[in-house]
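File shown: model-v7.txt. Contents: compact mmCIF, C-alpha atoms.
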# COMPACT_ATOMS: atom_id res chain seq x y z
CA MET A 187 -27.30 -42.91 -18.16
CA HIS A 188 -28.54 -40.19 -20.51
CA ARG A 189 -25.79 -38.47 -22.44
CA THR A 190 -27.18 -35.10 -21.34
CA SER A 191 -26.83 -36.03 -17.65
CA ARG A 192 -23.13 -36.83 -17.90
CA PRO A 193 -21.94 -33.22 -17.51
CA ALA A 194 -23.92 -33.03 -14.26
CA THR A 195 -22.27 -36.10 -12.78
CA ALA A 196 -18.88 -34.86 -13.99
CA ARG A 197 -19.51 -31.57 -12.23
CA ALA A 198 -20.57 -33.35 -9.04
CA ALA A 199 -17.50 -35.57 -9.10
CA GLY A 200 -15.27 -32.56 -9.76
CA LEU A 201 -16.66 -30.68 -6.77
CA LEU A 202 -16.00 -33.64 -4.47
CA LEU A 203 -12.51 -34.20 -5.87
CA GLY A 204 -11.72 -30.49 -5.52
CA PHE A 205 -12.87 -30.61 -1.90
CA ALA A 206 -10.63 -33.61 -1.27
CA ALA A 207 -7.69 -31.78 -2.86
CA ASP A 208 -8.29 -28.78 -0.61
CA ARG A 209 -8.37 -30.99 2.49
CA VAL A 210 -5.08 -32.65 1.50
CA PHE A 211 -3.12 -29.78 -0.05
CA ALA A 212 -4.88 -26.61 1.20
CA ASP A 213 -4.04 -23.46 -0.76
CA PRO A 214 -1.01 -23.55 -3.07
CA ALA A 215 1.90 -21.73 -1.42
CA ARG A 216 2.97 -20.06 -4.67
CA TRP A 217 1.24 -18.95 -7.85
CA HIS A 218 -2.18 -18.92 -6.21
CA PRO A 219 -4.73 -17.90 -8.87
CA VAL A 220 -6.80 -15.91 -6.35
CA ALA A 221 -3.70 -13.91 -5.40
CA GLY A 222 -3.10 -13.30 -9.10
CA PHE A 223 -6.65 -12.05 -9.49
CA GLY A 224 -6.10 -9.75 -6.52
CA ARG A 225 -3.01 -8.24 -8.13
CA THR A 226 -4.94 -7.73 -11.36
CA ALA A 227 -7.75 -6.02 -9.45
CA MET A 228 -5.29 -3.70 -7.70
CA ALA A 229 -3.69 -2.75 -11.00
CA LEU A 230 -7.06 -2.07 -12.62
CA GLU A 231 -8.19 -0.01 -9.64
CA LYS A 232 -5.49 2.53 -10.40
CA ALA A 233 -7.27 3.23 -13.69
CA THR A 234 -10.90 2.82 -12.63
CA TYR A 235 -10.97 4.36 -9.16
CA ARG A 236 -13.22 7.36 -8.70
CA ASP A 237 -15.16 8.30 -5.61
CA SER A 238 -18.42 7.24 -7.24
CA ARG A 239 -20.72 4.23 -7.44
CA SER A 240 -20.64 4.22 -11.22
CA ALA A 241 -16.87 3.76 -11.22
CA GLY A 242 -17.24 0.91 -8.76
CA ILE A 243 -19.87 -0.75 -10.93
CA LEU A 244 -17.51 -0.59 -13.90
CA HIS A 245 -14.67 -2.03 -11.82
CA VAL A 246 -16.79 -5.00 -10.72
CA ALA A 247 -18.28 -5.56 -14.18
CA VAL A 248 -14.88 -5.73 -15.89
CA LEU A 249 -13.29 -8.07 -13.35
CA VAL A 250 -16.27 -10.35 -12.74
CA GLY A 251 -17.03 -10.44 -16.46
CA GLY A 252 -13.44 -11.39 -17.13
CA ALA A 253 -13.64 -14.18 -14.56
CA ALA A 254 -16.84 -15.46 -16.19
CA GLY A 255 -15.24 -15.44 -19.63
CA LEU A 256 -12.21 -17.30 -18.33
CA GLY A 257 -14.53 -19.86 -16.73
CA VAL A 258 -16.42 -20.41 -19.97
CA ALA A 259 -13.16 -20.89 -21.86
CA ALA A 260 -11.85 -23.31 -19.24
CA THR A 261 -15.08 -25.30 -19.47
CA GLN A 262 -14.77 -25.65 -23.24
CA VAL A 263 -11.21 -26.88 -22.88
CA ALA A 264 -12.14 -29.35 -20.14
CA ARG A 265 -15.05 -30.79 -22.15
CA ARG A 266 -12.70 -31.80 -24.93
CA GLY A 267 -11.55 -34.52 -22.58
CA GLY A 268 -15.07 -35.93 -22.18
CA TRP A 269 -16.50 -36.84 -18.80
CA ALA A 270 -13.09 -37.28 -17.18
CA GLY A 271 -11.85 -34.00 -18.61
CA GLU A 272 -14.79 -32.03 -17.27
CA ALA A 273 -14.53 -33.70 -13.87
CA ALA A 274 -10.81 -32.95 -13.72
CA GLY A 275 -11.31 -29.35 -14.85
CA THR A 276 -14.02 -28.79 -12.25
CA ALA A 277 -11.85 -30.39 -9.58
CA ALA A 278 -8.92 -28.12 -10.42
CA ALA A 279 -11.13 -25.02 -10.41
CA THR A 280 -12.77 -26.05 -7.13
CA TRP A 281 -9.41 -26.56 -5.47
CA ALA A 282 -8.20 -23.22 -6.79
CA VAL A 283 -11.08 -21.24 -5.30
CA LEU A 284 -11.60 -23.07 -2.00
CA GLY A 285 -9.93 -21.72 1.11
CA GLY A 286 -11.58 -23.74 3.85
CA THR A 287 -8.62 -25.87 4.90
CA SER A 288 -6.26 -22.91 5.08
CA LEU A 289 -8.90 -21.06 7.10
CA GLY A 290 -9.07 -23.90 9.60
CA ARG A 291 -5.29 -24.17 9.88
CA THR A 292 -5.01 -20.44 10.51
CA GLY A 293 -7.69 -20.67 13.20
CA SER A 294 -5.84 -23.53 14.88
CA THR A 295 -2.55 -21.62 14.73
CA MET A 296 -4.21 -18.61 16.32
CA ALA A 297 -5.57 -20.84 19.10
CA ALA A 298 -2.05 -22.13 19.76
CA HIS A 299 -0.61 -18.60 19.91
CA LEU A 300 -3.28 -17.44 22.32
CA GLU A 301 -3.06 -20.50 24.54
CA ALA A 302 0.70 -19.85 24.74
CA ASP A 303 -0.02 -16.18 25.55
CA ASP A 304 2.04 -15.12 22.51
CA LEU A 305 0.14 -11.93 21.70
CA ALA A 306 2.79 -10.66 19.28
CA ALA A 307 2.41 -13.73 17.06
CA ALA A 308 -1.37 -13.64 17.38
CA ARG A 309 -1.55 -9.98 16.38
CA SER A 310 0.76 -10.63 13.45
CA LEU A 311 -1.50 -13.44 12.23
CA LEU A 312 -4.85 -11.65 12.55
CA PRO A 313 -4.62 -9.56 9.30
CA SER A 314 -4.67 -12.82 7.31
CA LEU A 315 -8.16 -13.43 8.72
CA CYS A 316 -9.87 -10.04 8.91
CA GLY A 317 -9.45 -6.29 8.63
CA ARG A 318 -9.52 -5.39 12.33
CA ASP A 319 -6.77 -3.44 14.05
CA PRO A 320 -4.81 -6.09 15.99
CA SER A 321 -2.73 -3.57 17.92
CA VAL A 322 -5.68 -2.66 20.17
CA LEU A 323 -6.81 -6.25 20.82
CA GLY A 324 -5.96 -8.48 23.76
CA VAL A 325 -6.63 -12.19 24.17
CA ASP A 326 -10.40 -11.75 24.32
CA GLY A 327 -10.55 -9.47 21.29
CA LEU A 328 -8.24 -11.64 19.21
CA THR A 329 -10.22 -14.74 20.12
CA ARG A 330 -13.53 -13.17 19.18
CA ALA A 331 -12.20 -11.69 15.94
CA THR A 332 -10.77 -15.05 14.88
CA LEU A 333 -13.87 -17.01 15.75
CA GLU A 334 -16.16 -14.59 13.91
CA SER A 335 -13.86 -14.75 10.91
CA VAL A 336 -13.82 -18.56 10.91
CA ALA A 337 -17.63 -18.62 11.11
CA GLU A 338 -18.18 -16.05 8.35
CA ASN A 339 -15.47 -17.38 6.07
CA THR A 340 -16.74 -20.92 6.31
CA SER A 341 -19.49 -19.58 4.08
CA ASP A 342 -17.31 -17.25 2.01
CA SER A 343 -14.30 -19.53 1.53
CA ALA A 344 -16.10 -22.81 0.98
CA VAL A 345 -19.89 -23.08 1.04
CA GLY A 346 -20.48 -20.25 -1.44
CA ALA A 347 -18.03 -21.74 -3.92
CA PHE A 348 -19.71 -25.14 -3.65
CA VAL A 349 -23.17 -23.68 -4.26
CA TRP A 350 -22.21 -21.66 -7.32
CA GLY A 351 -20.00 -24.44 -8.64
CA ALA A 352 -23.00 -26.77 -8.46
CA VAL A 353 -25.28 -24.29 -10.19
CA ALA A 354 -22.95 -22.91 -12.86
CA GLY A 355 -19.85 -25.10 -13.00
CA ILE A 356 -16.40 -23.61 -13.56
CA PRO A 357 -17.76 -20.15 -14.52
CA GLY A 358 -19.78 -20.14 -11.30
CA LEU A 359 -16.70 -21.01 -9.26
CA PHE A 360 -14.64 -18.26 -10.88
CA VAL A 361 -17.36 -15.61 -10.67
CA TYR A 362 -18.04 -16.37 -7.03
CA ARG A 363 -14.40 -16.22 -5.97
CA ALA A 364 -13.77 -13.05 -8.00
CA SER A 365 -16.80 -11.38 -6.43
CA ASN A 366 -15.87 -12.42 -2.92
CA THR A 367 -12.29 -11.26 -3.40
CA LEU A 368 -13.43 -7.86 -4.65
CA ASP A 369 -15.70 -7.48 -1.64
CA ALA A 370 -12.76 -8.21 0.65
CA MET A 371 -10.61 -5.67 -1.20
CA VAL A 372 -12.93 -2.70 -1.66
CA GLY A 373 -16.24 -3.54 0.00
CA TYR A 374 -15.50 -1.57 3.17
CA ARG A 375 -17.38 1.34 4.68
CA SER A 376 -14.23 3.46 4.78
CA PRO A 377 -14.27 6.98 3.31
CA LYS A 378 -12.23 5.82 0.32
CA TYR A 379 -14.47 2.90 -0.59
CA ARG A 380 -17.88 3.98 0.66
CA ASN A 381 -18.97 4.78 -2.90
CA PHE A 382 -16.46 2.91 -5.06
CA GLY A 383 -16.91 -0.33 -3.08
CA TRP A 384 -20.70 -0.18 -2.96
CA ALA A 385 -21.23 -2.38 -6.03
CA ALA A 386 -18.73 -5.02 -4.86
CA ALA A 387 -20.38 -5.24 -1.45
CA ARG A 388 -23.95 -5.41 -2.74
CA TRP A 389 -23.11 -7.94 -5.48
CA ASP A 390 -21.36 -10.14 -2.95
CA ASP A 391 -24.41 -9.90 -0.67
CA VAL A 392 -26.64 -11.18 -3.48
CA LEU A 393 -24.36 -14.09 -4.34
CA ASN A 394 -24.17 -15.16 -0.70
CA LEU A 395 -27.87 -15.12 0.15
CA LEU A 396 -28.29 -18.85 -0.48
CA PRO A 397 -24.81 -20.01 0.65
CA ALA A 398 -25.09 -18.21 3.99
CA ARG A 399 -28.40 -19.88 4.74
CA LEU A 400 -27.05 -23.27 3.73
CA THR A 401 -24.15 -22.57 6.08
CA GLY A 402 -26.61 -21.80 8.85
CA ALA A 403 -28.60 -24.98 8.23
CA LEU A 404 -25.47 -27.14 8.15
CA THR A 405 -24.17 -25.44 11.31
CA VAL A 406 -27.41 -26.31 13.09
CA ALA A 407 -27.10 -29.92 11.93
CA ALA A 408 -23.40 -30.13 12.88
CA ALA A 409 -23.75 -28.61 16.36
CA PRO A 410 -23.52 -32.02 18.12
CA THR A 411 -20.05 -32.58 16.61
CA VAL A 412 -18.73 -29.87 18.97
CA GLY A 413 -20.94 -30.73 21.92
CA GLY A 414 -23.52 -28.12 20.99
CA SER A 415 -27.27 -28.08 20.62
CA PRO A 416 -29.02 -27.80 17.26
CA ASN A 417 -31.90 -26.06 19.03
CA GLU A 418 -29.60 -23.41 20.48
CA ALA A 419 -27.94 -22.90 17.09
CA TRP A 420 -31.32 -22.47 15.41
CA GLU A 421 -32.60 -20.16 18.15
CA ALA A 422 -29.53 -17.91 17.92
CA TRP A 423 -29.94 -17.75 14.14
CA ARG A 424 -33.66 -16.98 14.37
CA ARG A 425 -33.29 -14.43 17.16
CA ASP A 426 -30.00 -12.63 16.44
CA ALA A 427 -28.91 -12.94 12.80
CA SER A 428 -31.11 -10.11 11.51
CA GLN A 429 -29.50 -7.68 13.97
CA HIS A 430 -26.13 -7.99 12.21
CA PRO A 431 -25.32 -5.30 9.62
CA SER A 432 -24.61 -8.00 7.03
CA PRO A 433 -27.59 -10.06 5.82
CA ASN A 434 -25.29 -13.05 5.38
CA ALA A 435 -22.50 -12.85 7.95
CA GLY A 436 -25.14 -12.58 10.66
CA VAL A 437 -26.54 -15.99 9.75
CA ALA A 438 -23.14 -17.73 9.78
CA GLU A 439 -21.95 -16.05 12.97
CA ALA A 440 -25.19 -16.33 14.96
CA SER A 441 -25.69 -20.02 14.16
CA ALA A 442 -22.05 -20.75 15.03
CA ALA A 443 -22.37 -18.87 18.32
CA GLY A 444 -25.44 -20.93 19.22
CA ALA A 445 -23.80 -24.19 18.19
CA LEU A 446 -20.71 -23.42 20.29
CA GLY A 447 -22.70 -22.10 23.26
CA ILE A 448 -20.94 -18.73 23.26
CA SER A 449 -21.72 -15.10 22.43
CA LEU A 450 -20.16 -12.96 19.72
CA GLY A 451 -20.40 -9.28 18.80
CA GLY A 452 -19.72 -6.04 20.64
CA ARG A 453 -17.16 -3.30 20.08
CA THR A 454 -15.32 -3.97 16.82
CA GLU A 455 -12.32 -1.88 15.78
CA TYR A 456 -11.31 -1.55 12.13
CA ALA A 457 -8.69 0.61 10.49
CA HIS A 458 -11.48 2.91 9.27
CA GLY A 459 -13.19 3.23 12.66
CA VAL A 460 -15.16 1.54 15.41
CA GLU A 461 -18.44 -0.34 14.97
CA MET A 462 -20.72 -1.59 17.73
CA ARG A 463 -21.94 -5.00 16.67
CA PRO A 464 -25.04 -6.66 18.16
CA VAL A 465 -24.60 -9.60 20.50
CA LEU A 466 -25.08 -12.97 18.79
CA GLY A 467 -25.75 -16.00 20.94
CA SER A 468 -26.41 -16.16 24.65
CA GLY A 469 -23.38 -17.90 26.16
CA ALA A 470 -20.12 -16.63 27.63
CA SER A 471 -17.48 -14.80 25.61
CA PRO A 472 -15.30 -17.17 23.57
CA ARG A 473 -12.01 -18.45 24.94
CA PRO A 474 -8.99 -19.64 22.93
CA VAL A 475 -10.07 -23.27 23.44
CA ASP A 476 -13.29 -22.44 21.61
CA LEU A 477 -11.28 -21.70 18.46
CA ASP A 478 -10.40 -25.37 18.08
CA ARG A 479 -14.09 -26.23 18.41
CA ALA A 480 -14.95 -23.58 15.81
CA VAL A 481 -12.42 -25.09 13.39
CA LYS A 482 -13.94 -28.54 13.93
CA LEU A 483 -17.43 -27.13 13.33
CA SER A 484 -16.24 -25.37 10.18
CA ALA A 485 -14.77 -28.61 8.81
CA ALA A 486 -18.05 -30.44 9.43
CA VAL A 487 -20.03 -27.71 7.67
CA GLN A 488 -17.65 -27.76 4.70
CA GLY A 489 -17.95 -31.52 4.37
CA GLY A 490 -21.72 -31.27 4.45
CA ALA A 491 -21.67 -28.50 1.86
CA ALA A 492 -19.53 -30.61 -0.48
CA LEU A 493 -22.07 -33.43 -0.35
CA VAL A 494 -25.03 -31.07 -0.78
CA SER A 495 -23.35 -29.36 -3.72
CA ALA A 496 -22.73 -32.68 -5.47
CA ALA A 497 -26.40 -33.58 -5.10
CA LEU A 498 -27.41 -30.09 -6.26
CA ALA A 499 -25.19 -30.37 -9.35
CA VAL A 500 -26.91 -33.59 -10.36
CA ALA A 501 -30.35 -32.11 -9.68
CA VAL A 502 -29.60 -29.02 -11.75
CA GLY A 503 -28.33 -31.20 -14.58
CA GLN A 504 -31.45 -33.36 -14.55
CA LEU A 505 -33.68 -30.29 -14.53
CA ARG A 506 -31.91 -28.89 -17.58
CA PHE A 507 -32.22 -32.25 -19.35
CA ARG A 508 -35.98 -32.39 -18.71
CA ARG A 509 -36.47 -28.85 -19.97
CA ARG A 510 -34.53 -29.47 -23.18
CA PRO A 511 -36.90 -29.83 -26.14
CA ARG A 512 -36.94 -33.27 -27.68
CA SER A 513 -36.30 -33.58 -31.39
Take the structure from the file and write it as structure tokens.
Amino acid sequence: MHRTSRPATARAAGLLLGFAADRVFADPARWHPVAGFGRTAMALEKATYRDSRSAGILHVAVLVGGAAGLGVAATQVARRGGWAGEAAGTAAATWAVLGGTSLGRTGSTMAAHLEADDLAAARSLLPSLCGRDPSVLGVDGLTRATLESVAENTSDSAVGAFVWGAVAGIPGLFVYRASNTLDAMVGYRSPKYRNFGWAAARWDDVLNLLPARLTGALTVAAAPTVGGSPNEAWEAWRRDASQHPSPNAGVAEASAAGALGISLGGRTEYAHGVEMRPVLGSGASPRPVDLDRAVKLSAAVQGGAALVSAALAVAVGQLRFRRRPRS
């Protein structure tokens, strides 16, 4: 093996080991680095907030730039341990930024609450998944909100991290998670964040262009694992995704709706107001039992993304080796 290809295989191994750690341990219950980043972002917002796009650009640049710098430093430390050190460092970073297993467990818990008709518990759980107002939602609304969140966050919490980890290693992992976290914090269309959150939302859209489409492709391929049709998943993606206000969430949600044989979308209530979302898919409205199928589909997509990312990491490493001038 060429010496210059070793970092690529270390990165690939680290991504797979980090995925395995997430499946076994899920998110750490305490001292979660993403939660620490969120607290840092909230503290900085007190100094940077202005009702302007320029202030929002500064906010994103400082925090994302800081995450990139931390990733570069972590990479240098990891490489001191050779191949094993870089693989271990990438694995730790991957585990830190992934949230796919916790997402699935939350979806399954929500399904159990709804199947037991425990609306109080279900409403209490919903804010951990999305920003909708749970107080106005019944069983149908809570089911749909959860399923849409599981579909979208399969891309945001897992596939996106894998893609950028494969392309840019630990810095890519840190930058992606920082960007996605900022979008979740300030990237809303509320009066307060319409201008300040513009940069976070648009930057997150750019970073997720490729991951969302990989999510869609893997969802189409994984449809049979939940008794669905790849053709229906592809047709829902092709027909409905572009109607969604998000260029990326529409892909993940439409393909999942087609794979599950249900329909998503409609009246959507947030704290900042009501949005009428387009209908995605052509089946019946989701039921609580469909949440367990959505969690199974999400797990299959995440597993596929881990394998694709490992292959992509090796391919990127080989491409860099070939482009390197020979002495």
Each region 413-503 of chain A residue no farther than 12 Å from region 259-278 of chain A, nearest pair in Å, all atoms listed in the file, as JSON lines:
{"residue": "A:Ala492", "atom": "CA", "partner": "A:Ala277", "partner_atom": "CA", "distance": 11.9}
{"residue": "A:Ala496", "atom": "CA", "partner": "A:Thr276", "partner_atom": "CA", "distance": 11.7}
{"residue": "A:Ala499", "atom": "CA", "partner": "A:Thr276", "partner_atom": "CA", "distance": 11.6}
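Nearest residue to Arg506 (chain A), choosing from A:Val353, A:Val322, A:Val250, A:Ala198 and counting all atoms listed in the file: A:Val353.
Pairwise distance (CA of Ala206 (chain A), CA of Asp391 (chain A)) equals 27.4 Å.
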Fill in the blank from the handout: Using only C-alpha atoms, the best pick from A:His299, A:Arg509, A:Arg479, A:Arg388 as closest to Asn366 (chain A) would be A:Arg388
Practice task
Pick out the residues sitting within 10 Å of Gly317 (chain A), and hand them over as a ChimeraX atom specification; count only C-alpha atoms, and ignore anything fewer than 3 positions along from it in its own chain.
Solution key: /A:312-314,320,331,335,370-371,374,455-458
Write out as a PDB file with C-alpha atoms, in the coordinates of the input each polymer residue whose atoms come within 7 Å of Phe360 (chain A), counting all atoms listed in the file; drop sequence neighbours fewer than 6 positions from it.
ATOM      1  CA  ALA A 253     -13.640 -14.180 -14.560  1.00  0.00           C
ATOM      2  CA  ALA A 254     -16.840 -15.460 -16.190  1.00  0.00           C
ATOM      3  CA  GLY A 257     -14.530 -19.860 -16.730  1.00  0.00           C
TER       4      GLY A 257
END
Fill in the blank from the handout: Of A:Ser468, A:Ala279, A:Val361, A:Ser376, the one nearest to Leu203 (chain A) when counting all atoms listed in the file is A:Ala279
Practice task
Find the residue from A:Ile448, A:Ala427, A:Val210, A:Val349 that sits nearest to Pro464 (chain A); use all atoms listed in the file when measuring.
Solution key: A:Ala427
Practice task
Measuring atom to atom with all atoms listed in the file, identify which of A:Leu315, A:Ala227, A:Val220, A:Ala491 is nearest to Gly290 (chain A).
Solution key: A:Leu315
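Nearest residue to Glu418 (chain A), choosing from A:Gly402, A:Gly467, A:Gly252, A:Ala344 and counting all atoms listed in the file: A:Gly467.
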Completion exercise
re CA of Gly489 (chain A) and CA of Thr287 (chain A): distance 10.9 Å
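Here CA of Gly358 (chain A) stands at a distance of 20.8 Å from CA of Pro214 (chain A).
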Taking the block above, write region 367-431 of chain A with C-alpha atoms as a PDB file, in the first residue's frame.
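So the final result, stored in decode.pdb, reads:
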ATOM      1  CA  THR A 367     -26.522  22.867  14.768  1.00  0.00           C
ATOM      2  CA  LEU A 368     -26.520  26.568  13.917  1.00  0.00           C
ATOM      3  CA  ASP A 369     -29.267  26.020  11.361  1.00  0.00           C
ATOM      4  CA  ALA A 370     -31.355  24.274  14.011  1.00  0.00           C
ATOM      5  CA  MET A 371     -30.757  27.126  16.457  1.00  0.00           C
ATOM      6  CA  VAL A 372     -31.228  30.245  14.333  1.00  0.00           C
ATOM      7  CA  GLY A 373     -32.183  29.132  10.830  1.00  0.00           C
ATOM      8  CA  TYR A 374     -35.905  29.754  11.318  1.00  0.00           C
ATOM      9  CA  ARG A 375     -38.222  32.061   9.424  1.00  0.00           C
ATOM     10  CA  SER A 376     -39.353  33.741  12.630  1.00  0.00           C
ATOM     11  CA  PRO A 377     -39.279  37.552  12.911  1.00  0.00           C
ATOM     12  CA  LYS A 378     -36.247  37.387  15.201  1.00  0.00           C
ATOM     13  CA  TYR A 379     -34.145  35.183  12.941  1.00  0.00           C
ATOM     14  CA  ARG A 380     -35.424  36.006   9.466  1.00  0.00           C
ATOM     15  CA  ASN A 381     -32.328  38.122   8.794  1.00  0.00           C
ATOM     16  CA  PHE A 382     -29.847  36.963  11.435  1.00  0.00           C
ATOM     17  CA  GLY A 383     -30.458  33.277  10.632  1.00  0.00           C
ATOM     18  CA  TRP A 384     -30.317  33.678   6.861  1.00  0.00           C
ATOM     19  CA  ALA A 385     -26.621  32.786   6.565  1.00  0.00           C
ATOM     20  CA  ALA A 386     -26.933  29.714   8.804  1.00  0.00           C
ATOM     21  CA  ALA A 387     -29.880  28.407   6.794  1.00  0.00           C
ATOM     22  CA  ARG A 388     -28.326  29.003   3.380  1.00  0.00           C
ATOM     23  CA  TRP A 389     -24.935  27.576   4.387  1.00  0.00           C
ATOM     24  CA  ASP A 390     -26.612  24.472   5.765  1.00  0.00           C
ATOM     25  CA  ASP A 391     -28.560  24.123   2.498  1.00  0.00           C
ATOM     26  CA  VAL A 392     -25.306  24.128   0.528  1.00  0.00           C
ATOM     27  CA  LEU A 393     -23.622  21.545   2.748  1.00  0.00           C
ATOM     28  CA  ASN A 394     -26.619  19.227   2.503  1.00  0.00           C
ATOM     29  CA  LEU A 395     -27.122  19.249  -1.262  1.00  0.00           C
ATOM     30  CA  LEU A 396     -25.132  16.051  -1.777  1.00  0.00           C
ATOM     31  CA  PRO A 397     -26.037  14.279   1.507  1.00  0.00           C
ATOM     32  CA  ALA A 398     -29.768  14.767   0.958  1.00  0.00           C
ATOM     33  CA  ARG A 399     -29.579  13.214  -2.480  1.00  0.00           C
ATOM     34  CA  LEU A 400     -27.514  10.321  -1.187  1.00  0.00           C
ATOM     35  CA  THR A 401     -30.186   9.887   1.480  1.00  0.00           C
ATOM     36  CA  GLY A 402     -32.832   9.799  -1.221  1.00  0.00           C
ATOM     37  CA  ALA A 403     -30.923   7.235  -3.277  1.00  0.00           C
ATOM     38  CA  LEU A 404     -30.318   5.002  -0.257  1.00  0.00           C
ATOM     39  CA  THR A 405     -33.973   5.331   0.771  1.00  0.00           C
ATOM     40  CA  VAL A 406     -35.041   4.147  -2.671  1.00  0.00           C
ATOM     41  CA  ALA A 407     -32.664   1.181  -2.396  1.00  0.00           C
ATOM     42  CA  ALA A 408     -33.764   0.353   1.166  1.00  0.00           C
ATOM     43  CA  ALA A 409     -37.520   0.538   0.516  1.00  0.00           C
ATOM     44  CA  PRO A 410     -37.919  -3.286   0.407  1.00  0.00           C
ATOM     45  CA  THR A 411     -36.598  -3.547   3.993  1.00  0.00           C
ATOM     46  CA  VAL A 412     -39.884  -1.984   5.173  1.00  0.00           C
ATOM     47  CA  GLY A 413     -42.121  -3.670   2.628  1.00  0.00           C
ATOM     48  CA  GLY A 414     -42.011  -0.706   0.281  1.00  0.00           C
ATOM     49  CA  SER A 415     -41.378  -0.229  -3.409  1.00  0.00           C
ATOM     50  CA  PRO A 416     -38.217   1.380  -4.781  1.00  0.00           C
ATOM     51  CA  ASN A 417     -40.265   2.588  -7.747  1.00  0.00           C
ATOM     52  CA  GLU A 418     -42.767   4.348  -5.492  1.00  0.00           C
ATOM     53  CA  ALA A 419     -39.950   5.911  -3.463  1.00  0.00           C
ATOM     54  CA  TRP A 420     -38.276   7.184  -6.626  1.00  0.00           C
ATOM     55  CA  GLU A 421     -41.555   8.445  -8.086  1.00  0.00           C
ATOM     56  CA  ALA A 422     -42.421  10.375  -4.913  1.00  0.00           C
ATOM     57  CA  TRP A 423     -38.941  11.918  -4.913  1.00  0.00           C
ATOM     58  CA  ARG A 424     -39.133  12.854  -8.591  1.00  0.00           C
ATOM     59  CA  ARG A 425     -42.682  14.181  -8.409  1.00  0.00           C
ATOM     60  CA  ASP A 426     -42.949  15.847  -4.985  1.00  0.00           C
ATOM     61  CA  ALA A 427     -39.555  16.791  -3.529  1.00  0.00           C
ATOM     62  CA  SER A 428     -39.214  20.064  -5.451  1.00  0.00           C
ATOM     63  CA  GLN A 429     -42.517  21.303  -4.007  1.00  0.00           C
ATOM     64  CA  HIS A 430     -41.056  21.376  -0.488  1.00  0.00           C
ATOM     65  CA  PRO A 431     -39.709  24.750   0.718  1.00  0.00           C
TER      66      PRO A 431
END
